[in-house]
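Chemist: Just dropping this structure here.
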Amino acid sequence: MKPRPFIILFFIQLCFVFSLNAQNPDWRNAKNGSSIYTNGYCDQPYVVVLENGKWLCVFTTNEGREGTGGQHIVSCISEDQGKTWSDTVRIESPGKESASWAMPYLTSYGRVFVFYDYNGDKIHQLGDRKNIREDMLGWYCYKYSDDEGISWSKRYRLDVRKTPVDLNNNWSGKVQIMWGIGKPVDVDNGMMFAFTKIGQYSAHNSEGWFFRCDNIHSEKNPQKLKWKMLPEGEYGLKNPSLGPINSEQNIFQLNNGSIYCMYRTISGYPAESYSTDGGKNWTLPQPPEYENGFKLKNPRACPRIWKCKNGKYLFWYHNHGGWNFNSRNPAWISGGIERKGKIIWSQPEILIYEENIDTRMSYPDLIEQDRKYWVSETNKEDARCHAIPDGFFDKIWSQFDRKTVTTESLLGEWSENDLEVGRKLSIPYEDSSQFQTGFTIDFRIELSNLVSGQPVLIVQSKNGKIVELQSGEFGAIQIVINDGNQTTKWNSDPGLIKAFGENCVSVSIDNGSKIIQFVVNGTVCNGRNFRQYGWTHFKPKMEDIDFNNIEIGKFERGQGVNFGTKLTHMRIYNRPLMNSELIGNHRNFLGKELFLNLNSKEN
């Protein structure tokens with residue numbers, strides 16, 4: 001039997017799409033990163049760049065799942081900027097007692113230290129509970145290597161001062177519970193790192209602590225290193241009003257000498273704190289804010305921060321207000337700049353995503369070399385490294401005063417005279433790959449009232465796919481996308497659309513991460529206090545939509561409501577624009593400062 005023509009055509013189109021994806025892989029897709037290591041459990045792949053340019057990575061691994069017996073720490077080397085990696089070297093061998101959460105630090109004379117947890121008390125039972133998780137119990141230890149990780153020194157133990165959080169734990173302080181997630185950083189002429197103490201097994205009632213060593217670059221004898229545990233006093237860094245979880249602290253030193261700390265909570269927000277006296281005392285932790293005053297959101301997941309060589313900052317987080325360990329896909333990034341001793345964060349961009357939305361990724365690191373950037377991360381089985389395209393972070397940092405209109409990938413632009421009610425528009429069809437990565441509709445709209453259901457536009461593709469824009473409830477714009485089989489609806493955050501007057505609204509459909517986002521008058525929707533998410537995943541397949549039939553705001557007469565919807569400008573792009581680009585579009589139209597013009601201020 002001969003194959004039917006439509007089957008042959010479908011097969012040809014499918015091959016074309018696969019070929020296109022192979023030629024233009026999405027660097028944000030986690031699977032397109034280079035593999036560092038894969039095992040039953042693989043966590044916290046942290047990298048230091050050695051003096052000769054090689055990368056040394058340390059991480060925690062195990063053949064079983066996280067927290068089971070045999071958990072240990074290893075190192076490996078890359079000589080080609082993360083593309084390939086050597087066989088692993090065991091820093092601690094697998095055994096009955098776990099060694100976990102290795103954090104590397106490179107001294108000025110080339111020695112690499114690793115700091116980690118070790119169950120030196122050999123605790124495997126709590127009351128009648130046997131074979132408990134013991135990878136956060138016991139000692140804080142370190143080893144070092146002077147030969148690029150080929151061999152490692154004997155184990156040394158840090159003196160972790162006992163405080164009330166220890167004395168009130170399940171072992172009354174005889175055993176301590178703790179762990180750390182942030183690499184040690186340069187502070188003044190020495191080094192400092194953060195860690196978390198826990199008051200109740202296994203990870204409840206937590207607070208932040210710090211070790212500082214001011215002679216680590218000058219003293220090669222480990223017995224003579226001078227360690228100071230901070231903050232001073234009996235209580236670690238925490239804010240009880242944010243809940244009992246104050247953990248996974250990580251730090252950097254600001255350009256003005258202050259120390260900045262970020263950590264996770266279960267309040268739906270991360271928390272930030274400042275120390276102006278070297279870590280002795282800290283401000284009361286509070287949720288960080290974007291430059292527009294809205295709070296950043298993060299669930300109970302690693303909120304990782306870095307200081308770059310250009311004096312600017314980056315923040316990895318998950319951009320929703322959950323309280324548990326779930327929903328760590330995608331990872332988002334914000335850029336920070338320093339103003340008057342405080343960090344101001346840009347609004348979020350998608351950094352890395354997994355195709356399976358239930359797959360979680362976390363515990364990243366930033367590698368910077370030769371003015372290029374890479375990010376490592378793990379889904380707890382696969383540790384990977386991702387090259388960041390040139391200019392990506394620069395575009396994020398430029399968001400603070402960006403005023404230009406993006407013309408790259410602009411397929412159509414219409415003014416008010418072109419957008420009369422009932423008017424039909426089209427974008428000439430090129431090929432089925434025209435909207436392969438997604439699309440963005442960027443428009444300005446006037447509403448005479450905030451009644452929901454007011455039609456804005458409808459796109460009816462030749463292959464039956466539909467995009468509709470309409471007013472939503474409580475001052476929002478809603479998008480509906482349908483591929484003939486599946487439908488997804490999503491709306492902008494309530495209250496941002498104002499009646500009477502022009503509003504700038506953008507909606508992007510990202511076919512890579514499968515995420516819908518709205519930007520309204522320069523504000524990236526993150527749910528604010530109204531909902532956990534300001535964005536959503538979608539299921540319809542929109543890769544091969546076309547915009548040959550765009551109809552503006554048509555509705556049936558006799559509905560009894562004078563909607564008064566009016567589009568005054570519209571652009572359509574054949575890719576999902578970055579939020580930074582859309583903010584620039586909005587600011588360009590408004591002709592005034594939406595946010596602080598930080599270039600005109602003293603940093």
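Residues are named by chain letter and number: chains run A, B, ... in the order of the structure tokens, numbers start at 1 in each chain, and ligands are numbered from 1 in the order shown.
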Write out as an NGL selection string each polymer residue whose atoms come within 10 Å of range 336-342 of chain A, counting only C-alpha atoms; drop sequence neighbours fewer than 6 positions from it.
Modeler: :A and (254-260 or 273-274 or 276 or 290-291 or 305-307 or 311-315 or 396-397 or 400 or 598-599 or 601-603)
Chemist: Please write the residues from the selection above to a file, keeping C-alpha atoms, as a PDB file, in the first residue's frame.
Modeler:
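The new file again10.pdb reads:
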```pdb
ATOM      1  CA  LEU A 254      29.451  45.112  48.274  1.00  0.00           C
ATOM      2  CA  ASN A 255      31.643  47.670  46.552  1.00  0.00           C
ATOM      3  CA  ASN A 256      31.288  49.917  49.611  1.00  0.00           C
ATOM      4  CA  GLY A 257      32.601  47.187  51.942  1.00  0.00           C
ATOM      5  CA  SER A 258      29.298  46.070  53.469  1.00  0.00           C
ATOM      6  CA  ILE A 259      28.357  42.395  53.352  1.00  0.00           C
ATOM      7  CA  TYR A 260      25.098  41.330  51.733  1.00  0.00           C
ATOM      8  CA  SER A 273      20.223  41.395  55.154  1.00  0.00           C
ATOM      9  CA  TYR A 274      23.215  43.747  55.398  1.00  0.00           C
ATOM     10  CA  THR A 276      28.310  47.081  57.900  1.00  0.00           C
ATOM     11  CA  TYR A 290      12.707  45.093  42.372  1.00  0.00           C
ATOM     12  CA  GLU A 291      13.539  48.607  41.267  1.00  0.00           C
ATOM     13  CA  ILE A 305      23.604  35.326  44.510  1.00  0.00           C
ATOM     14  CA  TRP A 306      26.911  36.300  42.874  1.00  0.00           C
ATOM     15  CA  LYS A 307      29.125  39.340  42.492  1.00  0.00           C
ATOM     16  CA  GLY A 311      31.038  45.131  40.218  1.00  0.00           C
ATOM     17  CA  LYS A 312      27.453  44.161  39.381  1.00  0.00           C
ATOM     18  CA  TYR A 313      25.367  41.322  40.770  1.00  0.00           C
ATOM     19  CA  LEU A 314      23.218  38.346  39.720  1.00  0.00           C
ATOM     20  CA  PHE A 315      20.449  36.490  41.531  1.00  0.00           C
ATOM     21  CA  ILE A 396      19.551  42.499  32.001  1.00  0.00           C
ATOM     22  CA  TRP A 397      21.782  45.061  33.718  1.00  0.00           C
ATOM     23  CA  PHE A 400      17.368  49.944  34.794  1.00  0.00           C
ATOM     24  CA  LEU A 598      20.626  54.980  38.278  1.00  0.00           C
ATOM     25  CA  ASN A 599      23.310  56.205  35.885  1.00  0.00           C
ATOM     26  CA  LYS A 601      23.097  58.816  40.714  1.00  0.00           C
ATOM     27  CA  GLU A 602      26.144  58.105  42.799  1.00  0.00           C
ATOM     28  CA  ASN A 603      26.662  54.375  43.297  1.00  0.00           C
TER      29      ASN A 603
END
```
Chemist: Given the choices A:Gln486, A:Ser432, A:Asn574, A:Asn579, which gets closest to Trp332 in chain A if the distance is worked out from only C-alpha atoms?
Modeler: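 The answer is A:Asn579, which sits nearest to Trp332 in chain A.
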Chemist: Would you kindly return, as a ChimeraX atom specification, each protein, DNA or RNA residue with an atom no farther than 10 Å from any atom of Ser267 in chain A, considering only C-alpha atoms and excluding same-chain residues fewer than 5 positions away?
Modeler: /A:241-246,287,297-300,321-324
Chemist: Could you please determine the separation between CA of Glu134 in chain A and CA of Ala99 in chain A in Å, to one decimal place?
Modeler: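 According to the coordinates, CA of Glu134 in chain A and CA of Ala99 in chain A are separated by 9.5 Å.
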Chemist: Env of Trp490 in chain A: 8 Å cut, atoms = only C-alpha atoms, seq-sep filter 6 positions within chain, self excluded. Answer as an MDAnalysis selection string.
Modeler: chainID A and resid 478:480 516 535:536
Chemist: Residues of range 376-481 of chain A within 12 Å of range 493-508 of chain A: nearest atom pair and distance (Å, one decimal) for each, counting only C-alpha atoms, sorted by chain and number, as CSV?
Modeler:
```
residue,atom,partner,partner_atom,distance
A:Glu416,CA,A:Glu502,CA,11.9
A:Phe435,CA,A:Ser508,CA,11.7
A:Thr437,CA,A:Ser508,CA,10.7
A:Gly438,CA,A:Ser508,CA,7.5
A:Phe439,CA,A:Ser508,CA,5.9
A:Thr440,CA,A:Ser508,CA,4.3
A:Ile441,CA,A:Val507,CA,5.5
A:Asp442,CA,A:Ser506,CA,4.2
A:Phe443,CA,A:Val505,CA,5.5
A:Arg444,CA,A:Cys504,CA,4.6
A:Ile445,CA,A:Asn503,CA,5.3
A:Glu446,CA,A:Glu502,CA,4.8
A:Leu447,CA,A:Ala499,CA,5.2
A:Ser448,CA,A:Phe500,CA,5.3
A:Asn449,CA,A:Ala499,CA,5.1
A:Leu450,CA,A:Ala499,CA,6.0
A:Val451,CA,A:Ala499,CA,9.6
A:Ser452,CA,A:Pro494,CA,11.5
A:Val456,CA,A:Val505,CA,11.7
A:Val467,CA,A:Val507,CA,11.3
A:Glu468,CA,A:Val507,CA,11.4
A:Leu469,CA,A:Val507,CA,9.5
A:Gln470,CA,A:Val505,CA,11.8
A:Ser471,CA,A:Ile497,CA,9.2
A:Gly472,CA,A:Pro494,CA,8.3
A:Glu473,CA,A:Pro494,CA,7.1
A:Phe474,CA,A:Pro494,CA,5.2
A:Gly475,CA,A:Gly495,CA,4.7
A:Ala476,CA,A:Pro494,CA,5.1
A:Ile477,CA,A:Ile497,CA,7.6
A:Gln478,CA,A:Val507,CA,9.3
A:Ile479,CA,A:Val507,CA,8.0
A:Val480,CA,A:Val507,CA,11.1
A:Ile481,CA,A:Ser508,CA,11.6
```
Chemist: What's around range 211-218 of chain A at 10 Å? Count only C-alpha atoms, leave out sequence neighbours fewer than 2 positions away in its own chain, and write the answer as a ChimeraX atom specification.
Modeler: /A:106-111,113,158-160,184-195,209,220-222,224-231,278-279
Chemist: Would you export the selected residues with C-alpha atoms as a short mmCIF file (atom, residue, chain, number, x, y, z; two decimals), in the first residue's frame, please?
Modeler:
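Here's the written file result.cif:
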```cif
data_model
loop_
_atom_site.label_atom_id
_atom_site.label_comp_id
_atom_site.auth_asym_id
_atom_site.auth_seq_id
_atom_site.Cartn_x
_atom_site.Cartn_y
_atom_site.Cartn_z
CA LEU A 106 40.75 29.38 45.81
CA THR A 107 43.44 31.27 47.72
CA SER A 108 45.72 33.90 46.20
CA TYR A 109 48.60 31.43 46.18
CA GLY A 110 46.70 28.64 44.38
CA ARG A 111 45.55 26.37 47.20
CA PHE A 113 40.01 24.58 50.15
CA LEU A 158 36.12 23.89 62.49
CA ASP A 159 35.03 24.83 66.00
CA VAL A 160 31.32 25.51 65.61
CA PRO A 184 33.14 31.17 50.33
CA VAL A 185 33.83 34.68 49.03
CA ASP A 186 36.57 37.28 49.31
CA VAL A 187 35.91 39.72 52.15
CA ASP A 188 38.44 42.51 52.71
CA ASN A 189 41.81 40.70 52.71
CA GLY A 190 40.36 37.40 53.85
CA MET A 191 37.51 34.98 53.23
CA MET A 192 34.02 34.38 54.62
CA PHE A 193 31.27 31.83 54.09
CA ALA A 194 27.72 31.31 55.35
CA PHE A 195 26.05 28.21 56.75
CA TRP A 209 25.79 31.79 60.74
CA LYS A 220 49.80 28.20 54.71
CA ASN A 221 49.84 26.24 57.97
CA PRO A 222 46.22 25.14 58.51
CA LYS A 224 47.47 28.66 62.35
CA LEU A 225 44.42 29.81 60.45
CA LYS A 226 42.36 32.19 62.58
CA TRP A 227 38.64 31.41 62.42
CA LYS A 228 35.89 33.63 63.78
CA MET A 229 32.25 32.54 63.96
CA LEU A 230 29.71 35.32 63.43
CA PRO A 231 27.41 37.03 64.23
CA GLY A 278 32.22 42.66 58.84
CA GLY A 279 29.47 40.24 59.85
#
```
Chemist: So which one's closest to Leu577 in chain A, A:Glu543, A:Glu408, A:Asp43, A:Glu272? Using only C-alpha atoms, please.
Modeler: A:Glu408
Chemist: As JSON, numbers by chain, please: every residue in range 293-473 of chain A that a backbone DSSP assignment puts in strand (DSSP E or B).
Modeler: {"A": [295, 304, 305, 306, 307, 313, 314, 315, 316, 317, 331, 332, 333, 334, 335, 336, 337, 338, 339, 342, 343, 344, 345, 349, 350, 351, 352, 353, 362, 363, 364, 365, 366, 367, 368, 369, 372, 373, 374, 375, 376, 377, 378, 382, 383, 384, 385, 386, 387, 388, 410, 411, 412, 413, 414, 415, 424, 425, 438, 439, 440, 441, 442, 443, 444, 445, 446, 455, 456, 457, 458, 459, 460, 466, 467, 468, 469, 470, 471, 472]}
Chemist: List every residue of range 284-402 of chain A that DSSP, applied to the backbone, labels as alpha helix (DSSP H), and write the result as a list in words.
Modeler: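 The residues of range 284-402 of chain A classed as alpha helix (DSSP H) are Phe392, Phe393, Asp394, Lys395, Ile396 and Trp397 of chain A.
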Chemist: Please write the residues from the selection above to a file, keeping N, CA and C atoms, as a compact mmCIF listing (two decimals), in the first residue's frame.
Modeler:
```
# COMPACT_ATOMS: atom_id res chain seq x y z
N PHE A 392 23.95 38.65 27.18
CA PHE A 392 22.68 38.34 27.84
C PHE A 392 22.57 39.05 29.18
N PHE A 393 23.59 38.90 30.03
CA PHE A 393 23.55 39.57 31.32
C PHE A 393 23.63 41.09 31.17
N ASP A 394 24.39 41.55 30.17
CA ASP A 394 24.48 43.00 29.94
C ASP A 394 23.10 43.58 29.64
N LYS A 395 22.30 42.84 28.89
CA LYS A 395 20.95 43.32 28.56
C LYS A 395 20.10 43.40 29.83
N ILE A 396 20.30 42.46 30.75
CA ILE A 396 19.55 42.50 32.00
C ILE A 396 19.99 43.70 32.84
N TRP A 397 21.30 43.92 32.94
CA TRP A 397 21.78 45.06 33.72
C TRP A 397 21.35 46.39 33.10
```
Chemist: Any idea what's packed within 10 Å of Gly53 in chain A, counting only C-alpha atoms, ignoring anything in its chain fewer than 6 positions away? Could you give it as a CSV table (one decimal) with C-alpha atoms, in the first residue's frame?
Modeler:
```csv
chain,number,residue,atom,x,y,z
A,78,SER,CA,37.8,20.7,33.0
A,79,GLU,CA,40.4,22.1,30.6
A,80,ASP,CA,38.0,23.3,27.9
A,81,GLN,CA,35.7,25.6,29.9
A,369,GLN,CA,36.4,33.8,32.7
A,370,ASP,CA,37.8,35.9,29.9
```
Chemist: Write out as a list in words each polymer residue whose atoms come within 8 Å of Cys385 in chain A, counting only C-alpha atoms; drop sequence neighbours fewer than 2 positions from it.
Modeler: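 After dropping sequence-adjacent residues, the list is Gly33, Ser34, Ser35, Ile36, Gly82, Lys83, Trp374, Val375, Ser376, Glu377, Ala383 and Ala387 of chain A.
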Chemist: Could you please take those selected residues and save N, CA and C atoms as a PDB file, in the first residue's frame?
Modeler:
```
ATOM      1  N   GLY A  33      22.899  21.796  27.879  1.00  0.00           N
ATOM      2  CA  GLY A  33      24.142  22.054  28.598  1.00  0.00           C
ATOM      3  C   GLY A  33      25.092  20.880  28.478  1.00  0.00           C
ATOM      4  N   SER A  34      26.335  21.089  28.864  1.00  0.00           N
ATOM      5  CA  SER A  34      27.320  20.005  28.860  1.00  0.00           C
ATOM      6  C   SER A  34      27.297  19.290  30.203  1.00  0.00           C
ATOM      7  N   SER A  35      27.449  17.982  30.169  1.00  0.00           N
ATOM      8  CA  SER A  35      27.357  17.178  31.390  1.00  0.00           C
ATOM      9  C   SER A  35      28.648  17.259  32.197  1.00  0.00           C
ATOM     10  N   ILE A  36      28.487  17.497  33.494  1.00  0.00           N
ATOM     11  CA  ILE A  36      29.618  17.413  34.416  1.00  0.00           C
ATOM     12  C   ILE A  36      29.697  16.006  34.998  1.00  0.00           C
ATOM     13  N   GLY A  82      34.396  23.713  30.592  1.00  0.00           N
ATOM     14  CA  GLY A  82      33.180  23.007  30.943  1.00  0.00           C
ATOM     15  C   GLY A  82      32.603  22.072  29.910  1.00  0.00           C
ATOM     16  N   LYS A  83      33.261  21.954  28.743  1.00  0.00           N
ATOM     17  CA  LYS A  83      32.716  21.063  27.711  1.00  0.00           C
ATOM     18  C   LYS A  83      32.910  19.607  28.085  1.00  0.00           C
ATOM     19  N   TRP A 374      29.334  31.330  32.520  1.00  0.00           N
ATOM     20  CA  TRP A 374      28.701  30.014  32.494  1.00  0.00           C
ATOM     21  C   TRP A 374      27.933  29.836  33.794  1.00  0.00           C
ATOM     22  N   VAL A 375      26.920  28.976  33.764  1.00  0.00           N
ATOM     23  CA  VAL A 375      26.166  28.628  34.963  1.00  0.00           C
ATOM     24  C   VAL A 375      26.123  27.112  35.077  1.00  0.00           C
ATOM     25  N   SER A 376      26.452  26.593  36.244  1.00  0.00           N
ATOM     26  CA  SER A 376      26.266  25.172  36.523  1.00  0.00           C
ATOM     27  C   SER A 376      24.986  25.009  37.339  1.00  0.00           C
ATOM     28  N   GLU A 377      24.381  23.839  37.236  1.00  0.00           N
ATOM     29  CA  GLU A 377      23.167  23.541  38.003  1.00  0.00           C
ATOM     30  C   GLU A 377      22.970  22.040  38.047  1.00  0.00           C
ATOM     31  N   ALA A 383      24.433  16.829  36.848  1.00  0.00           N
ATOM     32  CA  ALA A 383      25.080  18.128  37.033  1.00  0.00           C
ATOM     33  C   ALA A 383      25.547  18.602  35.666  1.00  0.00           C
ATOM     34  N   ALA A 387      26.810  27.506  28.884  1.00  0.00           N
ATOM     35  CA  ALA A 387      27.429  28.744  28.415  1.00  0.00           C
ATOM     36  C   ALA A 387      26.340  29.790  28.211  1.00  0.00           C
TER      37      ALA A 387
END
```
Chemist: What is the distance between CA of Ile181 in chain A and CA of Leu167 in chain A, in Å to one decimal?
Modeler: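 One can read the CA of Ile181 in chain A to CA of Leu167 in chain A distance as 23.2 Å.
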Chemist: Have a look at A:His320, A:Pro25, A:Lys372, A:Pro288 and name the one nearest to Arg531 in chain A; count only C-alpha atoms.
Modeler: A:His320
Chemist: Could you work out how far CA of Gly391 in chain A lies from CA of Tyr363 in chain A, giving the answer in Å with one decimal?
Modeler: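 Separating CA of Tyr363 in chain A from CA of Gly391 in chain A is a distance of 23.6 Å.
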